[in-house]
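Student: If you scroll down you'll find the structure; I have some questions about it.
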Amino acid sequence: MRTENENKVTYYIYCINHFAKKFKLSSKESFNYLLKYGGLSFLDEFYDVEHLLSFNDAIKDMIVVCKDNGGYLQ
């Protein structure tokens with residue numbers, strides 16, 4: 001049985017990869033962007049709600065958070 005931390009890591013990886021695909025970034029570029037502009041912190045803080053949403057909804061939420069923190073991708 002997977003632990004909650006393993007589930008979170010798997011979810012974060014899927015979100016990073018979906019974000020990368022949407023903006024035609026590498027996974028590394030996506031990770032760095034989300035780390036720099038607060039998207040990953042947002043996912044961590046609100047994991048209990050976000051993981052119940054679709055990946056598209058989670059990506060939309062991360063876009064808003066990153067933009068609010070100076071991110072430029074839309």
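A note on labels: chains of the structure tokens are A, B, ... as shown, every chain counts residues from 1, and ligands are counted from 1 in their shown order.
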I want to know what sits within 12 Å of Leu53 in chain A, based on only C-alpha atoms, with residues of the same chain fewer than 6 positions away left out; could you give that as a list of chain:residue names?
Tutor: A:Tyr11, A:Cys15, A:Leu43, A:Phe46, A:Tyr47, A:Ile59, A:Lys60, A:Asp61
Student: Could you pull out the helix (DSSP H, G or I) residues of chain A, going by DSSP on the backbone, and write them as a VMD selection string?
Tutor: chain A and resid 4 to 23 27 to 36 39 to 45 47 to 50 55 to 68
Student: Find the residue from A:Leu73, A:Val65, A:Ile16, A:Met1 that sits nearest to Asn32 in chain A; use only C-alpha atoms when measuring.
Tutor: A:Ile16
Student: What separation in Å, quoted to one decimal, exists between CA of Glu45 in chain A and CA of Ser27 in chain A?
Tutor: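 Taking CA of Glu45 in chain A and CA of Ser27 in chain A, their separation equals 21.3 Å.
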